[in-house]
file final.pdb (PDB, C-alpha atoms, pLDDT in the B column)
ATOM      1  CA  MET A   1     101.053  70.283  89.442  1.00 54.00           C
ATOM      2  CA  PRO A   2     100.812  72.459  86.315  1.00 54.00           C
ATOM      3  CA  GLN A   3     102.829  71.476  83.271  1.00 59.00           C
ATOM      4  CA  LEU A   4     106.033  73.462  82.903  1.00 65.00           C
ATOM      5  CA  PRO A   5     107.101  75.586  81.249  1.00 78.00           C
ATOM      6  CA  ALA A   6     103.962  77.597  80.631  1.00 85.00           C
ATOM      7  CA  PRO A   7     103.327  78.510  76.986  1.00 88.00           C
ATOM      8  CA  ASP A   8     104.190  82.017  75.869  1.00 88.00           C
ATOM      9  CA  TYR A   9     101.761  84.571  74.448  1.00 89.00           C
ATOM     10  CA  PRO A  10     101.491  84.839  70.650  1.00 91.00           C
ATOM     11  CA  ALA A  11     104.160  87.199  69.325  1.00 93.00           C
ATOM     12  CA  ASP A  12     101.792  90.106  68.630  1.00 93.00           C
ATOM     13  CA  VAL A  13     100.190  89.838  72.084  1.00 93.00           C
ATOM     14  CA  ARG A  14     103.585  89.563  73.715  1.00 93.00           C
ATOM     15  CA  ASP A  15     104.845  92.699  71.961  1.00 94.00           C
ATOM     16  CA  ARG A  16     101.779  94.678  73.015  1.00 95.00           C
ATOM     17  CA  LEU A  17     101.966  93.516  76.627  1.00 95.00           C
ATOM     18  CA  GLU A  18     105.700  94.204  76.828  1.00 95.00           C
ATOM     19  CA  ALA A  19     105.079  97.794  75.754  1.00 96.00           C
ATOM     20  CA  ASP A  20     102.337  98.186  78.384  1.00 96.00           C
ATOM     21  CA  ALA A  21     104.434  96.485  81.046  1.00 95.00           C
ATOM     22  CA  GLY A  22     107.371  98.756  80.303  1.00 95.00           C
ATOM     23  CA  GLU A  23     105.162 101.767  80.906  1.00 94.00           C
ATOM     24  CA  VAL A  24     104.000 100.329  84.238  1.00 95.00           C
ATOM     25  CA  ILE A  25     107.457  99.314  85.439  1.00 95.00           C
ATOM     26  CA  ALA A  26     108.859 102.770  84.680  1.00 94.00           C
ATOM     27  CA  ARG A  27     106.617 104.238  87.389  1.00 93.00           C
ATOM     28  CA  TYR A  28     108.490 102.463  90.190  1.00 93.00           C
ATOM     29  CA  PRO A  29     112.042 102.859  91.537  1.00 90.00           C
ATOM     30  CA  ASP A  30     112.128  99.116  92.260  1.00 89.00           C
ATOM     31  CA  SER A  31     110.770  97.032  89.379  1.00 88.00           C
ATOM     32  CA  ARG A  32     109.297  94.306  91.579  1.00 86.00           C
ATOM     33  CA  SER A  33     106.923  96.922  93.027  1.00 92.00           C
ATOM     34  CA  ALA A  34     105.134  96.757  89.673  1.00 94.00           C
ATOM     35  CA  LEU A  35     103.982  93.180  90.250  1.00 96.00           C
ATOM     36  CA  LEU A  36     100.460  94.017  91.431  1.00 96.00           C
ATOM     37  CA  PRO A  37      99.576  96.212  88.424  1.00 96.00           C
ATOM     38  CA  LEU A  38     101.243  93.730  86.061  1.00 97.00           C
ATOM     39  CA  LEU A  39      99.007  90.981  87.417  1.00 97.00           C
ATOM     40  CA  HIS A  40      96.016  93.187  86.628  1.00 97.00           C
ATOM     41  CA  LEU A  41      97.470  93.742  83.163  1.00 96.00           C
ATOM     42  CA  VAL A  42      97.695  90.040  82.327  1.00 96.00           C
ATOM     43  CA  GLN A  43      94.288  89.490  83.913  1.00 95.00           C
ATOM     44  CA  ALA A  44      92.885  92.089  81.509  1.00 95.00           C
ATOM     45  CA  GLU A  45      94.183  89.973  78.633  1.00 93.00           C
ATOM     46  CA  GLU A  46      92.491  86.663  79.430  1.00 92.00           C
ATOM     47  CA  GLY A  47      90.096  87.403  82.267  1.00 93.00           C
ATOM     48  CA  TYR A  48      92.179  85.626  84.876  1.00 94.00           C
ATOM     49  CA  VAL A  49      95.826  85.103  85.801  1.00 95.00           C
ATOM     50  CA  THR A  50      96.953  82.212  83.642  1.00 94.00           C
ATOM     51  CA  ARG A  51     100.231  80.284  83.837  1.00 92.00           C
ATOM     52  CA  THR A  52     101.288  82.257  80.790  1.00 94.00           C
ATOM     53  CA  GLY A  53     100.502  85.482  82.629  1.00 95.00           C
ATOM     54  CA  VAL A  54     102.542  84.355  85.633  1.00 95.00           C
ATOM     55  CA  ARG A  55     105.471  83.524  83.359  1.00 94.00           C
ATOM     56  CA  PHE A  56     105.215  86.907  81.652  1.00 95.00           C
ATOM     57  CA  CYS A  57     105.245  88.821  84.955  1.00 96.00           C
ATOM     58  CA  ALA A  58     108.194  86.792  86.217  1.00 94.00           C
ATOM     59  CA  GLU A  59     110.226  87.445  83.080  1.00 94.00           C
ATOM     60  CA  MET A  60     109.438  91.159  83.031  1.00 95.00           C
ATOM     61  CA  LEU A  61     110.407  91.640  86.675  1.00 95.00           C
ATOM     62  CA  ASP A  62     113.230  89.116  86.965  1.00 93.00           C
ATOM     63  CA  LEU A  63     111.306  87.091  89.534  1.00 94.00           C
ATOM     64  CA  THR A  64     110.633  83.381  89.811  1.00 93.00           C
ATOM     65  CA  THR A  65     107.222  82.039  88.855  1.00 92.00           C
ATOM     66  CA  ALA A  66     106.901  80.868  92.466  1.00 93.00           C
ATOM     67  CA  GLU A  67     107.289  84.451  93.701  1.00 94.00           C
ATOM     68  CA  VAL A  68     104.651  85.688  91.265  1.00 95.00           C
ATOM     69  CA  THR A  69     102.289  82.827  92.091  1.00 94.00           C
ATOM     70  CA  ALA A  70     102.605  83.531  95.819  1.00 95.00           C
ATOM     71  CA  VAL A  71     101.285  87.056  95.250  1.00 94.00           C
ATOM     72  CA  ALA A  72      98.632  86.115  92.696  1.00 94.00           C
ATOM     73  CA  THR A  73      97.147  83.493  95.013  1.00 93.00           C
ATOM     74  CA  PHE A  74      97.185  85.756  98.075  1.00 93.00           C
ATOM     75  CA  TYR A  75      94.884  88.504  96.766  1.00 90.00           C
ATOM     76  CA  THR A  76      91.295  87.605  95.912  1.00 86.00           C
ATOM     77  CA  MET A  77      91.044  90.274  93.188  1.00 89.00           C
ATOM     78  CA  TYR A  78      93.235  88.042  91.011  1.00 93.00           C
ATOM     79  CA  ARG A  79      91.205  85.225  89.471  1.00 91.00           C
ATOM     80  CA  ARG A  80      92.826  81.827  89.161  1.00 89.00           C
ATOM     81  CA  ARG A  81      90.409  80.333  86.661  1.00 90.00           C
ATOM     82  CA  PRO A  82      88.208  81.604  83.820  1.00 90.00           C
ATOM     83  CA  SER A  83      85.474  83.919  85.042  1.00 89.00           C
ATOM     84  CA  GLY A  84      82.596  85.968  83.705  1.00 92.00           C
ATOM     85  CA  ASP A  85      82.368  89.381  82.137  1.00 95.00           C
ATOM     86  CA  TYR A  86      80.758  90.582  85.365  1.00 96.00           C
ATOM     87  CA  GLN A  87      81.946  89.644  88.846  1.00 95.00           C
ATOM     88  CA  VAL A  88      78.852  89.872  91.052  1.00 96.00           C
ATOM     89  CA  GLY A  89      79.826  90.007  94.703  1.00 95.00           C
ATOM     90  CA  VAL A  90      77.231  89.869  97.470  1.00 95.00           C
ATOM     91  CA  CYS A  91      78.315  91.131 100.861  1.00 93.00           C
ATOM     92  CA  THR A  92      77.586  88.499 103.507  1.00 91.00           C
ATOM     93  CA  ASN A  93      79.336  90.195 106.402  1.00 90.00           C
ATOM     94  CA  THR A  94      77.341  90.848 109.555  1.00 89.00           C
ATOM     95  CA  LEU A  95      75.287  93.949 108.783  1.00 88.00           C
ATOM     96  CA  CYS A  96      74.585  93.147 105.141  1.00 90.00           C
ATOM     97  CA  ALA A  97      73.816  89.550 106.079  1.00 90.00           C
ATOM     98  CA  VAL A  98      71.170  90.371 108.675  1.00 91.00           C
ATOM     99  CA  LEU A  99      69.595  93.007 106.406  1.00 91.00           C
ATOM    100  CA  GLY A 100      69.218  90.543 103.563  1.00 93.00           C
ATOM    101  CA  GLY A 101      72.647  89.741 102.138  1.00 93.00           C
ATOM    102  CA  ASP A 102      72.423  86.057 102.990  1.00 94.00           C
ATOM    103  CA  ALA A 103      68.986  85.841 101.406  1.00 95.00           C
ATOM    104  CA  ILE A 104      70.210  87.645  98.278  1.00 96.00           C
ATOM    105  CA  PHE A 105      73.210  85.361  97.905  1.00 96.00           C
ATOM    106  CA  ALA A 106      71.142  82.209  98.360  1.00 96.00           C
ATOM    107  CA  ALA A 107      68.531  83.456  95.890  1.00 96.00           C
ATOM    108  CA  LEU A 108      71.133  84.317  93.254  1.00 97.00           C
ATOM    109  CA  GLN A 109      72.757  80.919  93.563  1.00 96.00           C
ATOM    110  CA  GLU A 110      69.405  79.309  92.842  1.00 96.00           C
ATOM    111  CA  HIS A 111      68.452  81.848  90.164  1.00 96.00           C
ATOM    112  CA  LEU A 112      71.755  81.546  88.270  1.00 96.00           C
ATOM    113  CA  ARG A 113      72.231  77.861  89.078  1.00 95.00           C
ATOM    114  CA  VAL A 114      75.809  78.386  90.226  1.00 95.00           C
ATOM    115  CA  ALA A 115      77.661  78.008  93.509  1.00 94.00           C
ATOM    116  CA  ASN A 116      80.065  80.456  95.103  1.00 93.00           C
ATOM    117  CA  GLY A 117      82.869  81.323  92.689  1.00 90.00           C
ATOM    118  CA  GLU A 118      81.193  79.684  89.701  1.00 93.00           C
ATOM    119  CA  THR A 119      80.280  81.249  86.357  1.00 94.00           C
ATOM    120  CA  THR A 120      77.051  80.989  84.405  1.00 95.00           C
ATOM    121  CA  GLU A 121      77.092  78.835  81.276  1.00 93.00           C
ATOM    122  CA  ASP A 122      76.937  81.893  79.019  1.00 93.00           C
ATOM    123  CA  GLY A 123      80.139  83.252  80.584  1.00 93.00           C
ATOM    124  CA  LYS A 124      78.465  86.488  81.647  1.00 95.00           C
ATOM    125  CA  VAL A 125      78.281  86.357  85.449  1.00 96.00           C
ATOM    126  CA  THR A 126      80.551  84.968  88.149  1.00 96.00           C
ATOM    127  CA  LEU A 127      78.883  84.932  91.566  1.00 96.00           C
ATOM    128  CA  GLU A 128      80.783  85.215  94.829  1.00 94.00           C
ATOM    129  CA  HIS A 129      80.196  86.245  98.402  1.00 91.00           C
ATOM    130  CA  ILE A 130      82.293  89.097  99.766  1.00 90.00           C
ATOM    131  CA  GLU A 131      83.126  89.589 103.410  1.00 86.00           C
ATOM    132  CA  CYS A 132      82.743  93.380 103.397  1.00 87.00           C
ATOM    133  CA  ASN A 133      82.145  96.039 100.768  1.00 82.00           C
ATOM    134  CA  ALA A 134      82.897  98.870 103.234  1.00 83.00           C
ATOM    135  CA  ALA A 135      79.464 100.368 102.578  1.00 85.00           C
ATOM    136  CA  CYS A 136      77.509  99.300 105.649  1.00 86.00           C
ATOM    137  CA  ASP A 137      75.204 102.320 105.621  1.00 85.00           C
ATOM    138  CA  PHE A 138      73.876 101.147 102.250  1.00 89.00           C
ATOM    139  CA  ALA A 139      73.346  97.525 103.313  1.00 89.00           C
ATOM    140  CA  PRO A 140      72.679  95.113 101.808  1.00 93.00           C
ATOM    141  CA  VAL A 141      75.192  95.848  99.064  1.00 93.00           C
ATOM    142  CA  VAL A 142      76.042  94.036  95.851  1.00 95.00           C
ATOM    143  CA  MET A 143      79.119  94.912  93.807  1.00 94.00           C
ATOM    144  CA  VAL A 144      79.597  94.311  90.085  1.00 95.00           C
ATOM    145  CA  ASN A 145      83.240  94.559  88.994  1.00 93.00           C
ATOM    146  CA  TRP A 146      83.717  96.554  92.215  1.00 90.00           C
ATOM    147  CA  GLU A 147      81.069  99.159  91.434  1.00 90.00           C
ATOM    148  CA  PHE A 148      78.356  99.678  94.079  1.00 91.00           C
ATOM    149  CA  PHE A 149      74.736  98.606  93.860  1.00 93.00           C
ATOM    150  CA  ASP A 150      73.249  99.726  97.171  1.00 91.00           C
ATOM    151  CA  ASN A 151      70.155  98.839  99.203  1.00 92.00           C
ATOM    152  CA  GLN A 152      69.489  95.676  97.280  1.00 94.00           C
ATOM    153  CA  THR A 153      66.669  93.190  97.704  1.00 95.00           C
ATOM    154  CA  VAL A 154      66.259  89.664  96.404  1.00 96.00           C
ATOM    155  CA  GLU A 155      64.152  90.861  93.470  1.00 96.00           C
ATOM    156  CA  SER A 156      66.363  93.830  92.570  1.00 96.00           C
ATOM    157  CA  ALA A 157      69.442  91.597  92.634  1.00 96.00           C
ATOM    158  CA  LYS A 158      67.740  89.097  90.329  1.00 97.00           C
ATOM    159  CA  ARG A 159      66.846  91.885  87.914  1.00 96.00           C
ATOM    160  CA  LEU A 160      70.437  93.105  88.055  1.00 96.00           C
ATOM    161  CA  VAL A 161      71.976  89.792  87.006  1.00 96.00           C
ATOM    162  CA  ASP A 162      69.266  89.240  84.381  1.00 96.00           C
ATOM    163  CA  ASP A 163      70.044  92.642  82.857  1.00 96.00           C
ATOM    164  CA  LEU A 164      73.764  91.871  82.860  1.00 96.00           C
ATOM    165  CA  ARG A 165      73.218  88.570  81.076  1.00 95.00           C
ATOM    166  CA  ALA A 166      70.863  90.162  78.551  1.00 94.00           C
ATOM    167  CA  GLY A 167      73.323  92.930  77.706  1.00 92.00           C
ATOM    168  CA  ARG A 168      71.075  95.708  78.961  1.00 93.00           C
ATOM    169  CA  THR A 169      72.591  98.909  80.338  1.00 91.00           C
ATOM    170  CA  VAL A 170      73.031  98.788  84.097  1.00 91.00           C
ATOM    171  CA  GLU A 171      73.860 101.889  86.150  1.00 90.00           C
ATOM    172  CA  PRO A 172      75.639 101.568  89.508  1.00 91.00           C
ATOM    173  CA  THR A 173      74.084 103.394  92.450  1.00 88.00           C
ATOM    174  CA  ARG A 174      77.188 105.582  92.635  1.00 84.00           C
ATOM    175  CA  GLY A 175      80.617 105.694  91.119  1.00 80.00           C
ATOM    176  CA  ALA A 176      81.816 105.170  87.559  1.00 83.00           C
ATOM    177  CA  PRO A 177      79.764 103.577  84.781  1.00 86.00           C
ATOM    178  CA  LEU A 178      79.953  99.810  84.603  1.00 90.00           C
ATOM    179  CA  CYS A 179      82.406  98.061  82.284  1.00 91.00           C
ATOM    180  CA  THR A 180      83.524  94.463  81.786  1.00 93.00           C
ATOM    181  CA  PHE A 181      85.866  92.670  84.132  1.00 94.00           C
ATOM    182  CA  LYS A 182      88.720  92.753  81.611  1.00 94.00           C
ATOM    183  CA  GLU A 183      88.260  96.496  81.125  1.00 93.00           C
ATOM    184  CA  THR A 184      88.198  96.985  84.886  1.00 92.00           C
ATOM    185  CA  ALA A 185      91.421  94.994  85.249  1.00 94.00           C
ATOM    186  CA  ARG A 186      93.205  97.214  82.734  1.00 94.00           C
ATOM    187  CA  ILE A 187      92.098 100.328  84.621  1.00 93.00           C
ATOM    188  CA  LEU A 188      93.386  98.783  87.864  1.00 93.00           C
ATOM    189  CA  ALA A 189      96.695  98.186  86.110  1.00 93.00           C
ATOM    190  CA  GLY A 190      96.984 101.967  85.979  1.00 92.00           C
ATOM    191  CA  PHE A 191      95.924 102.831  82.456  1.00 92.00           C
ATOM    192  CA  PRO A 192      93.589 105.761  81.720  1.00 88.00           C
ATOM    193  CA  ASP A 193      89.859 105.251  82.002  1.00 84.00           C
ATOM    194  CA  THR A 194      88.595 106.672  78.725  1.00 81.00           C
ATOM    195  CA  ARG A 195      84.868 106.123  79.307  1.00 80.00           C
ATOM    196  CA  PRO A 196      82.898 109.381  79.065  1.00 78.00           C
ATOM    197  CA  GLY A 197      82.174 110.739  82.541  1.00 75.00           C
ATOM    198  CA  ALA A 198      83.986 107.955  84.357  1.00 76.00           C
ATOM    199  CA  VAL A 199      86.654 110.131  85.952  1.00 73.00           C
ATOM    200  CA  GLU A 200      84.122 112.719  87.134  1.00 74.00           C
ATOM    201  CA  ALA A 201      81.747 110.117  88.569  1.00 74.00           C
ATOM    202  CA  THR A 202      81.754 109.769  92.314  1.00 68.00           C
ATOM    203  CA  GLY A 203      79.684 108.564  95.211  1.00 68.00           C
ATOM    204  CA  GLY A 204      79.495 110.388  98.526  1.00 69.00           C
ATOM    205  CA  ALA A 205      79.228 108.866 101.946  1.00 71.00           C
ATOM    206  CA  GLY A 206      75.765 108.009 103.201  1.00 73.00           C
ATOM    207  CA  PRO A 207      73.963 109.826 106.043  1.00 75.00           C
ATOM    208  CA  ALA A 208      74.920 107.246 108.669  1.00 73.00           C
ATOM    209  CA  SER A 209      78.599 107.623 107.761  1.00 76.00           C
ATOM    210  CA  LEU A 210      78.481 111.384 108.309  1.00 80.00           C
ATOM    211  CA  ILE A 211      76.846 111.483 111.746  1.00 80.00           C
ATOM    212  CA  GLY A 212      80.160 111.671 113.635  1.00 79.00           C
ATOM    213  CA  LEU A 213      81.463 114.449 111.377  1.00 80.00           C
ATOM    214  CA  ARG A 214      78.297 116.511 111.822  1.00 83.00           C
ATOM    215  CA  LEU A 215      78.389 116.144 115.600  1.00 84.00           C
ATOM    216  CA  ALA A 216      82.066 117.155 115.634  1.00 86.00           C
ATOM    217  CA  ARG A 217      81.115 120.306 113.745  1.00 87.00           C
ATOM    218  CA  GLY A 218      78.525 121.130 116.381  1.00 85.00           C
ATOM    219  CA  GLU A 219      75.578 120.524 114.090  1.00 82.00           C
ATOM    220  CA  ALA A 220      72.266 119.356 115.508  1.00 74.00           C
ATOM    221  CA  PRO A 221      72.013 115.583 115.858  1.00 66.00           C
ATOM    222  CA  PRO A 222      70.219 114.114 112.865  1.00 61.00           C
ATOM    223  CA  GLY A 223      66.924 112.352 113.133  1.00 64.00           C
ATOM    224  CA  LYS A 224      66.582 108.640 112.750  1.00 61.00           C
ATOM    225  CA  ILE A 225      68.671 107.461 109.818  1.00 56.00           C
ATOM    226  CA  VAL A 226      66.906 104.997 107.548  1.00 59.00           C
ATOM    227  CA  ALA A 227      67.937 103.574 104.216  1.00 58.00           C
ATOM    228  CA  PRO A 228      65.828 104.492 101.172  1.00 59.00           C
ATOM    229  CA  ARG A 229      63.893 101.241 101.294  1.00 59.00           C
ATOM    230  CA  THR A 230      60.903 100.362  99.181  1.00 60.00           C
ATOM    231  CA  ALA A 231      58.034  97.940  99.373  1.00 52.00           C
ATOM    232  CA  ALA A 232      60.374  95.405  97.817  1.00 53.00           C
ATOM    233  CA  SER A 233      62.121  95.258 101.193  1.00 50.00           C
ATOM    234  CA  ALA A 234      59.705  92.534 102.078  1.00 46.00           C
ATOM    235  CA  ASP A 235      61.813  90.265  99.913  1.00 52.00           C
ATOM    236  CA  THR A 236      64.572  90.393 102.552  1.00 47.00           C
ATOM    237  CA  GLY A 237      62.255  89.980 105.527  1.00 48.00           C
ATOM    238  CA  THR A 238      62.606  93.556 106.824  1.00 45.00           C
ATOM    239  CA  GLU A 239      59.898  96.054 107.603  1.00 44.00           C
ATOM    240  CA  GLU A 240      59.625  99.453 105.941  1.00 42.00           C
ATOM    241  CA  GLY A 241      61.621 102.077 107.876  1.00 42.00           C
ATOM    242  CA  GLU A 242      63.789  99.618 109.772  1.00 42.00           C
TER
END
call {"tool": "encode", "arguments": {"input": "final.pdb", "output": "structure tokens"}}
result
Amino acid sequence: MPQLPAPDYPADVRDRLEADAGEVIARYPDSRSALLPLLHLVQAEEGYVTRTGVRFCAEMLDLTTAEVTAVATFYTMYRRRPSGDYQVGVCTNTLCAVLGGDAIFAALQEHLRVANGETTEDGKVTLEHIECNAACDFAPVVMVNWEFFDNQTVESAKRLVDDLRAGRTVEPTRGAPLCTFKETARILAGFPDTRPGAVEATGGAGPASLIGLRLARGEAPPGKIVAPRTAASADTGTEEGE
């Protein structure tokens, strides 16, 4: 059992978080509805939901720490222990798995020398498997801080984590530019994303996702849909064009 009571934030941090929390709470007619964004807010402070963060949320919303903990431990987006600057999630659900997701995840565990949910010694990367990224037509998919990296192979995934650890610029396949996990958490708390071009960035659905829509519009059936694979596909055991 954790020691109680949890320590408070330093006074300057507490004042800053109270101001942010007040802005979040004001958006809701019922204050307890602000719990999810407040959990993201405290996660943005320390990189995970600490006992101090749980205490803060409880005090701001007039809840018990048990009520806050029940929510924080239910949703996997809230981390319960220190984690890396970049959360690297490999989809291992059915389609991604058979197209190479399992191989990618196993290779990254060996390459980074971490197990599922663990963080590299330099604190840069936390590796985890994800059940579904909802991007099956781009399988196999890797997500970094919930930004998409599509059509991955073992070698491309290794390069990705190496670039993250080395501090090199990494561009998602689609969507907003990449930022750290703490920065992502603050955005999820509902605060403006001030990165240049982030709001305008987007990623459309893939060809396989649009087949039903095109048929409903009376358009000619598309030809065979294939992912934009490369010779590196051999790393996942698939043949070109499959």
call {"tool": "axis_aligned_box", "arguments": {"input": "final.pdb", "around": "segment 162-181 of chain A", "padding_each_side": "8 Å", "output": "JSON"}}
result
{"center_x": 77.6, "center_y": 97.1, "center_z": 85.2, "size_x": 32.6, "size_y": 33.1, "size_z": 30.9}
call {"tool": "resolve_selection", "arguments": {"input": "final.pdb", "expression": "the PyMOL selection byres ((chain A and resi 182) around 7)", "output": "list in words"}}
result
Gln43, Ala44, Glu45, Gly47, Thr180, Phe181, Glu183, Thr184, Ala185 and Arg186 of chain A
call {"tool": "closest_residue", "arguments": {"input": "final.pdb", "among": "A:Pro177, A:Pro5, A:Pro10, A:Gly117", "to": "Gly84 of chain A", "atoms": "all atoms listed in the file"}}
result
A:Gly117
call {"tool": "atom_distance", "arguments": {"input": "final.pdb", "atom1": "atom CA of Thr64 of chain A", "atom2": "atom CA of Arg79 of chain A"}}
result
19.5 Å
call {"tool": "closest_residue", "arguments": {"input": "final.pdb", "among": "A:Ser31, A:Val125, A:Val54, A:Val142", "to": "Ala66 of chain A", "atoms": "only C-alpha atoms"}}
result
A:Val54
call {"tool": "resolve_selection", "arguments": {"input": "final.pdb", "expression": "the PyMOL selection byres ((chain A and resi 170) around 10)", "output": "list in words"}}
result
Val144, Phe149, Leu160, Val161, Asp163, Leu164, Gly167, Arg168, Thr169, Glu171, Pro172, Thr173, Pro177, Leu178 and Cys179 of chain A
call {"tool": "closest_residue", "arguments": {"input": "final.pdb", "among": "A:Gly175, A:Glu147, A:Arg32, A:Asp8", "to": "Leu63 of chain A", "atoms": "all atoms listed in the file"}}
result
A:Arg32
call {"tool": "resolve_selection", "arguments": {"input": "final.pdb", "expression": "the PyMOL selection byres ((chain A and resi 78) around 9)", "output": "NGL selection string"}}
result
:A and (39-40 or 43 or 48-49 or 72-77 or 79-80)
call {"tool": "closest_residue", "arguments": {"input": "final.pdb", "among": "A:Ala34, A:Ala139, A:Leu17, A:Val68", "to": "Cys96 of chain A", "atoms": "all atoms listed in the file"}}
result
A:Ala139
call {"tool": "residues_around", "arguments": {"input": "final.pdb", "residues": "Phe105 of chain A", "least_positions_apart": "6", "cutoff": "8 Å", "atoms": "all atoms listed in the file", "output": "PyMOL selection string"}}
result
chain A and resi 90+92+129
call {"tool": "atom_distance", "arguments": {"input": "final.pdb", "atom1": "atom CA of Gly197 of chain A", "atom2": "atom CA of Arg174 of chain A"}}
result
12.4 Å
call {"tool": "residues_around", "arguments": {"input": "final.pdb", "residues": "Cys91 of chain A", "least_positions_apart": "4", "cutoff": "9 Å", "atoms": "all atoms listed in the file", "output": "list in words"}}
result
Leu95, Cys96, Ala97, Gly101, Asp102, Phe105, Glu128, His129, Ile130, Glu131, Cys132, Asn133, Ala139, Pro140, Val141, Val142 and Met143 of chain A
call {"tool": "closest_residue", "arguments": {"input": "final.pdb", "among": "A:Ala189, A:Ala19, A:Arg113, A:Ala58", "to": "Pro37 of chain A", "atoms": "only C-alpha atoms"}}
result
A:Ala189
call {"tool": "atom_distance", "arguments": {"input": "final.pdb", "atom1": "atom CA of Ala103 of chain A", "atom2": "atom CA of Tyr86 of chain A"}}
result
20.5 Å
call {"tool": "residues_around", "arguments": {"input": "final.pdb", "residues": "Leu38 of chain A", "least_positions_apart": "2", "cutoff": "8 Å", "atoms": "all atoms listed in the file", "output": "JSON, numbers by chain"}}
result
{"A": [21, 24, 34, 35, 36, 40, 41, 42, 57, 189]}
